[in-house]
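The next block holds one structure in the form of structure tokens; read it before the comments.
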Amino acid sequence: MTSTFIQLGSKLKHYWSLIKSLQTLLLLITGVAGFICTRCPWLNPVSVLLVAVSLLLAISGGTVLNMWYDRDIDAIMSRTCWRPLPSGHIRPREALIFGLILSAAGIGLAVLMDPLYGLVILAGLFFDVIVYTVWLKRRSAWSVLWGGLSGGMPILSGRVYGIGEIEWVGLALALAVICWVPTHIMTFSMRYREDYAAARVPTFPQLYGEITTRRIIAFSSLLSIFAMGLALYGIGLEIGFVRAFALLSAGLIALAVRGLARPTEKSNFRLFKYASAYMLGSMLLMMASVLN
């Protein structure tokens with residue numbers, strides 16, 4: 001009996017790692033923040049929970065499908081060869097079924113909640129799995145733009161569910177995430193350049209060099225801050241929260257400029273880690289300003 005429980009726990013642990021919990025959690029938080037920032041008249045714990053569950057299912061499903069499709073290149077790269085699929089802990093068929101069930105459940109629930117909300121989530125899943133992973137990731141370094149587009153859909157969907165339409169604030173929030181994604185992905189691709197080269201996955205550092213890549217990172221960071229600031233203005237962020245956002249933004253700019261002026265592995269990794277903290281902090285500020 002003990003052995004059975006141990007095996008079950010190990011299996012569940014491998015399934016959990018398929019959804020990339022930290023990445024999924026960050027995208028989930030952007031979606032929930034997008035909903036809460038609408039100050040929707042019927043905002044309540046149940047509606048927030050429904051948004052969170054539908055997004056969690058859809059985002060996790062897309063991530064699992066990506067892992068299923070990329071299992072061959074994951075087996076080549078040293079940083080990913082331990083994952084459940086290339087290591088053989090989960091069979092490809094199991095992962096495919098798991099990903100399809102999660103995706104269908106997430107989209108189905110979202111459509112029942114609101115058709116437009118469900119459509120935006122479906123668009124994010126389509127851009128992530130079909131356009132980014134299946135079509136472009138192995139063909140073009142510019143696939144990062146489509147990965148960014150899919151990353152902007154959760155926050156847009158949350159905004160759409162709260163107000164019932166697509167408007168400029170929601171688009172600005174989505175643009176802020178879209179422009180943030182290159183900072184996240186490109187710093188990552190520089191850190192693991194050898195892995196990507198071994199798997200023959202084209203990246204900006206390989207094709208255009210690290211200096212150009214760092215310039216793009218700095219520029220995309222500035223665009224992300226501008227779009228986020230514009231959206232926060234539209235939301236009506238109070239001055240105290242604006243100051244906090246300014247401090248977060250200053251840190252991102254400083255690290256991006258430092259990485260351009262004095263490029264080192266250490267500065268690159270700091271920017272990679274801080275980029276996630278910046279986005280998380282921005283979302284928490286946005287929610288706190290509404291709930292204050």
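Letters A, B, ... go to the chains of the structure tokens in the order shown; residues in each chain start at 1; ligands are counted from 1 in the same order.
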Per residue of region 207-273 of chain A within 9 Å of region 170-181 of chain A, what are the shortest atom pair and its distance in Å to one decimal, counting only C-alpha atoms, with rows by chain and residue number, as a tab-separated table?
residue	atom	partner	partner_atom	distance
A:Ile217	CA	A:Trp180	CA	8.7
A:Phe219	CA	A:Cys179	CA	8.9
A:Ser220	CA	A:Cys179	CA	5.2
A:Ser221	CA	A:Trp180	CA	6.0
A:Leu222	CA	A:Cys179	CA	8.5
A:Leu223	CA	A:Cys179	CA	6.2
A:Ser224	CA	A:Ala176	CA	4.2
A:Ile225	CA	A:Ala176	CA	6.7
A:Phe226	CA	A:Ala176	CA	7.6
A:Ala227	CA	A:Ala176	CA	4.9
A:Met228	CA	A:Ala176	CA	5.1
A:Gly229	CA	A:Ala176	CA	8.7
A:Leu230	CA	A:Ala172	CA	6.8
A:Ala231	CA	A:Ala172	CA	5.4
A:Leu232	CA	A:Leu173	CA	8.4
For the residues selected in the previous step, produce a file with N, CA and C atoms as a compact mmCIF listing (two decimals), in the first residue's frame.
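Dumped everything to selection22.txt:
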# COMPACT_ATOMS: atom_id res chain seq x y z
N ILE A 217 16.21 44.00 -26.10
CA ILE A 217 15.70 43.80 -24.74
C ILE A 217 15.45 45.15 -24.07
N PHE A 219 14.96 48.06 -25.51
CA PHE A 219 13.86 48.76 -26.20
C PHE A 219 12.51 48.16 -25.83
N SER A 220 12.42 46.82 -25.80
CA SER A 220 11.15 46.17 -25.47
C SER A 220 10.77 46.44 -24.02
N SER A 221 11.76 46.55 -23.14
CA SER A 221 11.49 46.88 -21.74
C SER A 221 10.88 48.27 -21.63
N LEU A 222 11.43 49.22 -22.38
CA LEU A 222 10.89 50.59 -22.37
C LEU A 222 9.46 50.60 -22.91
N LEU A 223 9.21 49.85 -23.97
CA LEU A 223 7.87 49.78 -24.53
C LEU A 223 6.89 49.17 -23.53
N SER A 224 7.33 48.14 -22.83
CA SER A 224 6.48 47.49 -21.84
C SER A 224 6.11 48.47 -20.73
N ILE A 225 7.09 49.22 -20.26
CA ILE A 225 6.84 50.20 -19.20
C ILE A 225 5.89 51.29 -19.68
N PHE A 226 6.09 51.76 -20.91
CA PHE A 226 5.22 52.80 -21.45
C PHE A 226 3.78 52.30 -21.57
N ALA A 227 3.61 51.09 -22.12
CA ALA A 227 2.27 50.53 -22.28
C ALA A 227 1.61 50.28 -20.93
N MET A 228 2.38 49.79 -19.97
CA MET A 228 1.83 49.54 -18.64
C MET A 228 1.43 50.86 -17.98
N GLY A 229 2.29 51.85 -18.11
CA GLY A 229 1.98 53.16 -17.54
C GLY A 229 0.72 53.76 -18.14
N LEU A 230 0.57 53.62 -19.45
CA LEU A 230 -0.63 54.12 -20.14
C LEU A 230 -1.88 53.41 -19.63
N ALA A 231 -1.77 52.08 -19.47
CA ALA A 231 -2.92 51.32 -18.97
C ALA A 231 -3.26 51.70 -17.53
N LEU A 232 -2.24 51.89 -16.71
CA LEU A 232 -2.49 52.27 -15.32
C LEU A 232 -3.13 53.65 -15.22
For this session: Excluding Leu119 (chain A) and any residue of its chain fewer than 5 positions from it, enumerate the residues within 12 Å of it, using only C-alpha atoms, and give them as number ranges by chain.
Result: A: 58, 106-114, 124-126, 153-154, 156-158, 160-161, 165-166
For this session: Would you please give, as number ranges by chain, all residues of region 31-169 of chain A that DSSP assigns to alpha helix (DSSP H) based on the backbone?
Result: A: 31-36, 45-69, 71-76, 92-113, 115-125, 143-151, 153-163, 168-169
Problem set entry | Atomic separation - CA of Leu27 (chain A) relative to CA of Asp128 (chain A), Å |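 Those two atoms sit 12.6 Å apart.
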Problem set entry | Residues near Leu102 (chain A), cut-off 9 Å, only C-alpha atoms, skip fewer than 2 positions along chain, as an MDAnalysis selection string | chainID A and resid 56:62 64 97:100 104:107
Keeping only C-alpha atoms, write those residues as a PDB file, in the first residue's frame.
ATOM      1  CA  LEU A  56      -5.495  27.931 -14.996  1.00  0.00           C
ATOM      2  CA  LEU A  57      -6.984  25.095 -17.028  1.00  0.00           C
ATOM      3  CA  ALA A  58      -6.417  26.770 -20.404  1.00  0.00           C
ATOM      4  CA  ILE A  59      -2.883  28.001 -19.672  1.00  0.00           C
ATOM      5  CA  SER A  60      -1.857  24.669 -18.161  1.00  0.00           C
ATOM      6  CA  GLY A  61      -3.349  22.794 -21.117  1.00  0.00           C
ATOM      7  CA  GLY A  62      -1.417  24.895 -23.601  1.00  0.00           C
ATOM      8  CA  VAL A  64       1.342  20.617 -21.556  1.00  0.00           C
ATOM      9  CA  ILE A  97      -4.628  13.506 -23.590  1.00  0.00           C
ATOM     10  CA  PHE A  98      -3.910  15.444 -20.393  1.00  0.00           C
ATOM     11  CA  GLY A  99      -3.161  18.635 -22.344  1.00  0.00           C
ATOM     12  CA  LEU A 100      -6.247  18.318 -24.539  1.00  0.00           C
ATOM     13  CA  ALA A 104     -10.940  21.863 -23.588  1.00  0.00           C
ATOM     14  CA  ALA A 105     -12.085  22.245 -19.980  1.00  0.00           C
ATOM     15  CA  GLY A 106     -10.587  25.734 -19.712  1.00  0.00           C
ATOM     16  CA  ILE A 107     -12.012  26.988 -22.984  1.00  0.00           C
TER      17      ILE A 107
END
For this session: Using only C-alpha atoms, pick whichever of A:Ile90, A:Ala141, A:Ala250, A:Leu255 has the shortest atom-to-atom distance to Asn268 (chain A).
Result: A:Leu255
For this session: Enter the distance from CA of Tyr208 (chain A) to CA of Thr264 (chain A), in Å, rounded to one decimal.
Result: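 Between CA of Tyr208 (chain A) and CA of Thr264 (chain A) the gap is 17.5 Å.
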Exercise. Pick the closest to His89 (chain A) from A:Leu12, A:Val131, A:Leu260, A:Met283: which is it, counting only C-alpha atoms?
Worked result: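 The shortest atom-to-atom distance to His89 (chain A) comes from A:Leu12.
For the residues A:Ile216, A:Leu285, A:Ala197, A:Met190, ranking by smallest atom-to-atom distance to Lys266 (chain A) using only C-alpha atoms places A:Met190 first.
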